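K.L.:
Please see the structure below; I have some questions.
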Amino acid sequence: MEEREEIGLVKFLLRVLGVLLLAAALGAGALYYAFRIEPGMLVTREYDLAGEGDAWKVVQLSDLELSPSYDTTQLDRLVEEVNRQQPDLLVFTGDLFHNYAQYAPVDAVTDALSRMEAPAKLAVWGNRDYGGGAQWVYPQVMEAAGFTLLCNSGVTLDAGGQTVYVAGLDDGLLGAPDPQSALEGRPADASYTILLFHEPDLAAHAEGQGVDLMLAGHTHGGQVRLPFVEPVTTSLGERYIWGLYPLADGGQLYVHSGLGTSRLPVRFLVPPQVAVVLDEAYTEYLAPEQRYDALA
């Protein structure tokens with residue numbers, strides 16, 4: 001009897017050990033994926049919005065945060081994907097270098113941004129574009145790469161015969177964002193208004209001012225997404241974290257999950273992305289496996 005009990009106990013302990021080893025293996029695999037695989041990925045997410053500008057495509061990039069863990073070797077693939085999309089408007093919503101004082105491949109990033117092709121290229125300030133001395137070089141890089149840097153200002157664009165006004169705010173943490181100044185140049189015949197800014201919670205200051213689409217970044221989508229666990233948030237990125245949000249005034253806000261990383265070089269279920277906002281007229285050119293409708 002005692003011998004049977006001992007055998008049963010051994011079998012039970014072996015099962016427990018097997019479960020623990022499996023859990024350890026899965027945990028190690030998840031960590032390897034989160035630190036070594038996903039941060040190097042690049043996905044494209046396409047959002048079909050019913051805007052008034054027919055056949056007009058906007059590609060958004062955000063939070064490159066160039067660093068030794070997301071370096072210039074990533075840029076050629078990014079350039080290729082942006083150009084494959086053939087955007088009518090390319091926007092960058094801030095944070096070019098993670099820490100300019102420590103890692104600043106100015107020539108390489110200027111070259112890469114220059115090779116991105118679009119009739120209009122616009123950018124705004126992020127908080128890291130002010131820090132570490134970056135404020136002196138960021139405007140020069142963007143200008144040399146063909147981007148117009150908006151700071152509480154805007155430009156008027158032609159979108160297939162429709163007038164689109166695109167405005168950009170100064171950074172919300174280290175700058176002085178002023179939506180009224182950014183929108184005061186909007187022409188009376190503008191049929192669509194886009195507002196760019198870095199920190200998504202700035203949307204509250206621009207609601208009710210006739211903005212159809214707001215584009216932001218900053219949050220990295222939390223970088224790590226786990227079931228039943230609240231994502232990590234950051235200053236001015238607590239209410240809106242990642243994805244497309246309907247706003248009370250009828251407009252929409254899209255929060256980009258970024259390309260590089262912050263704090264830790266880790267991503268889990270929030271891969272680096274290129275976001276494409278397109279009018280319904282473009283959907284016929286997309287293969288079914290390429291379509292991504294955020295409203296579905």
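Chain labels A, B, ... are given in the sequence in which chains occur in the structure tokens; within each chain residues are numbered consecutively from 1, and ligands are likewise numbered from 1 in the order shown.
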Using only C-alpha atoms, I'd like a table of the residues in stretch 174-266 of chain A that come within 10 Å of stretch 56-80 of chain A; for each, show the closest atom pair and its distance in Å rounded to one decimal, ordered by chain and ascending number, as a tab-separated table.
P.N.:
```
residue	atom	partner	partner_atom	distance
A:Leu196	CA	A:Gln60	CA	9.9
A:His198	CA	A:Ser62	CA	8.4
A:Leu215	CA	A:Gln60	CA	7.9
A:Ala216	CA	A:Ser62	CA	7.9
A:Gly217	CA	A:Ser62	CA	5.7
A:His218	CA	A:Asp63	CA	6.5
A:Thr219	CA	A:Asp63	CA	8.8
A:His220	CA	A:Asp63	CA	7.5
A:Tyr254	CA	A:Gln60	CA	9.8
A:Val255	CA	A:Ser62	CA	9.4
A:His256	CA	A:Ser62	CA	6.5
A:Ser257	CA	A:Ser62	CA	7.6
A:Gly258	CA	A:Asp63	CA	4.8
A:Leu259	CA	A:Leu64	CA	5.0
A:Gly260	CA	A:Leu64	CA	4.8
A:Thr261	CA	A:Glu65	CA	6.5
A:Ser262	CA	A:Glu65	CA	7.5
A:Leu264	CA	A:Ser69	CA	9.4
A:Pro265	CA	A:Ser69	CA	6.3
A:Val266	CA	A:Ser69	CA	9.4
```
K.L.:
Just the selected residues (N, CA and C atoms), exported as a PDB file, in the first residue's frame, please.
P.N.:
```pdb
ATOM      1  N   LEU A 196      -2.621  67.498 -36.510  1.00  0.00           N
ATOM      2  CA  LEU A 196      -1.529  66.636 -36.072  1.00  0.00           C
ATOM      3  C   LEU A 196      -0.987  67.131 -34.731  1.00  0.00           C
ATOM      4  N   HIS A 198       1.453  65.430 -31.048  1.00  0.00           N
ATOM      5  CA  HIS A 198       2.185  64.262 -30.534  1.00  0.00           C
ATOM      6  C   HIS A 198       1.404  63.518 -29.452  1.00  0.00           C
ATOM      7  N   LEU A 215      -4.518  63.126 -35.665  1.00  0.00           N
ATOM      8  CA  LEU A 215      -3.516  62.067 -35.689  1.00  0.00           C
ATOM      9  C   LEU A 215      -2.464  62.349 -34.630  1.00  0.00           C
ATOM     10  N   ALA A 216      -2.185  61.355 -33.781  1.00  0.00           N
ATOM     11  CA  ALA A 216      -1.240  61.520 -32.674  1.00  0.00           C
ATOM     12  C   ALA A 216      -0.397  60.262 -32.518  1.00  0.00           C
ATOM     13  N   GLY A 217       0.560  60.314 -31.600  1.00  0.00           N
ATOM     14  CA  GLY A 217       1.417  59.161 -31.313  1.00  0.00           C
ATOM     15  C   GLY A 217       1.706  59.097 -29.823  1.00  0.00           C
ATOM     16  N   HIS A 218       3.008  59.071 -29.462  1.00  0.00           N
ATOM     17  CA  HIS A 218       3.481  59.237 -28.086  1.00  0.00           C
ATOM     18  C   HIS A 218       3.357  58.002 -27.187  1.00  0.00           C
ATOM     19  N   THR A 219       2.251  57.281 -27.243  1.00  0.00           N
ATOM     20  CA  THR A 219       1.983  56.217 -26.264  1.00  0.00           C
ATOM     21  C   THR A 219       2.671  54.898 -26.586  1.00  0.00           C
ATOM     22  N   HIS A 220       3.067  54.690 -27.829  1.00  0.00           N
ATOM     23  CA  HIS A 220       3.603  53.398 -28.293  1.00  0.00           C
ATOM     24  C   HIS A 220       2.570  52.280 -28.118  1.00  0.00           C
ATOM     25  N   TYR A 254      -6.911  59.183 -34.294  1.00  0.00           N
ATOM     26  CA  TYR A 254      -6.143  57.955 -34.422  1.00  0.00           C
ATOM     27  C   TYR A 254      -4.827  58.106 -33.668  1.00  0.00           C
ATOM     28  N   VAL A 255      -4.552  57.137 -32.784  1.00  0.00           N
ATOM     29  CA  VAL A 255      -3.311  57.131 -32.002  1.00  0.00           C
ATOM     30  C   VAL A 255      -2.410  56.027 -32.543  1.00  0.00           C
ATOM     31  N   HIS A 256      -1.288  56.427 -33.075  1.00  0.00           N
ATOM     32  CA  HIS A 256      -0.308  55.531 -33.689  1.00  0.00           C
ATOM     33  C   HIS A 256       0.507  54.842 -32.590  1.00  0.00           C
ATOM     34  N   SER A 257       0.827  53.570 -32.782  1.00  0.00           N
ATOM     35  CA  SER A 257       1.558  52.829 -31.753  1.00  0.00           C
ATOM     36  C   SER A 257       3.068  52.930 -31.896  1.00  0.00           C
ATOM     37  N   GLY A 258       3.537  53.710 -32.861  1.00  0.00           N
ATOM     38  CA  GLY A 258       4.953  54.000 -32.954  1.00  0.00           C
ATOM     39  C   GLY A 258       5.784  52.933 -33.635  1.00  0.00           C
ATOM     40  N   LEU A 259       7.067  53.249 -33.798  1.00  0.00           N
ATOM     41  CA  LEU A 259       8.006  52.352 -34.465  1.00  0.00           C
ATOM     42  C   LEU A 259       9.112  51.893 -33.524  1.00  0.00           C
ATOM     43  N   GLY A 260       9.721  52.814 -32.798  1.00  0.00           N
ATOM     44  CA  GLY A 260      10.752  52.448 -31.842  1.00  0.00           C
ATOM     45  C   GLY A 260      10.168  52.100 -30.486  1.00  0.00           C
ATOM     46  N   THR A 261      11.024  52.081 -29.480  1.00  0.00           N
ATOM     47  CA  THR A 261      10.580  51.746 -28.131  1.00  0.00           C
ATOM     48  C   THR A 261      11.092  52.782 -27.137  1.00  0.00           C
ATOM     49  N   SER A 262      10.497  52.769 -25.953  1.00  0.00           N
ATOM     50  CA  SER A 262      10.906  53.659 -24.878  1.00  0.00           C
ATOM     51  C   SER A 262      10.966  52.865 -23.581  1.00  0.00           C
ATOM     52  N   LEU A 264      11.968  50.331 -22.005  1.00  0.00           N
ATOM     53  CA  LEU A 264      12.609  49.051 -22.300  1.00  0.00           C
ATOM     54  C   LEU A 264      12.444  48.728 -23.784  1.00  0.00           C
ATOM     55  N   PRO A 265      13.438  48.089 -24.416  1.00  0.00           N
ATOM     56  CA  PRO A 265      13.339  47.735 -25.835  1.00  0.00           C
ATOM     57  C   PRO A 265      12.471  46.496 -26.043  1.00  0.00           C
ATOM     58  N   VAL A 266      11.198  46.609 -25.699  1.00  0.00           N
ATOM     59  CA  VAL A 266      10.304  45.454 -25.712  1.00  0.00           C
ATOM     60  C   VAL A 266       8.970  45.832 -26.332  1.00  0.00           C
TER      61      VAL A 266
END
```
K.L.:
Taking into account only C-alpha atoms, which residue in the set A:Phe228, A:Trp136, A:Tyr240, A:Tyr103 is nearest to A:Ala204?
P.N.:
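For A:Ala204, the nearest of the candidates is A:Tyr240.
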K.L.:
Do a neighbour search on A:Ala188 at 12 Å with only C-alpha atoms, toss out local chain neighbours closer than 2 positions, and write the hits as a ChimeraX atom specification.
P.N.:
/A:156,163-165,183-186,190-193,210
K.L.:
Excluding A:Leu253 and residues on its chain fewer than 5 positions from it, collect all residues at most 6 Å away from it, counting only C-alpha atoms, and give them as a list in words.
P.N.:
Leu213, Met214, Leu215, Leu244 and Tyr245 of chain A
K.L.:
Would you return as a count of residues only the members of stretch 36-237 of chain A that DSSP assigns to strand (DSSP E) on this structure's backbone?
P.N.:
45
K.L.:
When you count only C-alpha atoms, which of these residues is closest to A:Leu96: A:Leu169, A:Val137, A:Ala206, A:Leu236?
P.N.:
A:Val137
K.L.:
When distances are computed from only C-alpha atoms, which of A:Leu226, A:Val109, A:Val166, A:Val141 shows the smallest separation from A:Ser153?
P.N.:
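Nearest to A:Ser153: A:Val166.
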K.L.:
If you measure from atom CA of A:Gln140 to atom CA of A:Ala120, what distance in Å do you get, rounded to one decimal?
P.N.:
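Answer for the atom CA of A:Gln140 to atom CA of A:Ala120 separation: 17.3 Å.
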K.L.:
Please provide the set of residues having any atom within 9 Å of A:Leu247, restricted to only C-alpha atoms, with same-chain residues fewer than 5 positions apart removed, written as JSON, numbers by chain.
P.N.:
{"A": [203, 207, 252, 253]}
K.L.:
Which distance in Å separates atom CA of A:Gly154 and atom CA of A:Asp88, to one decimal?
P.N.:
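Separating atom CA of A:Gly154 from atom CA of A:Asp88 is a distance of 16.6 Å.
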K.L.:
Between A:Leu150, A:Tyr138, A:Gly243, A:Asp249, single out the one closest to A:Glu46, counting only C-alpha atoms.
P.N.:
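Closest candidate: A:Gly243.
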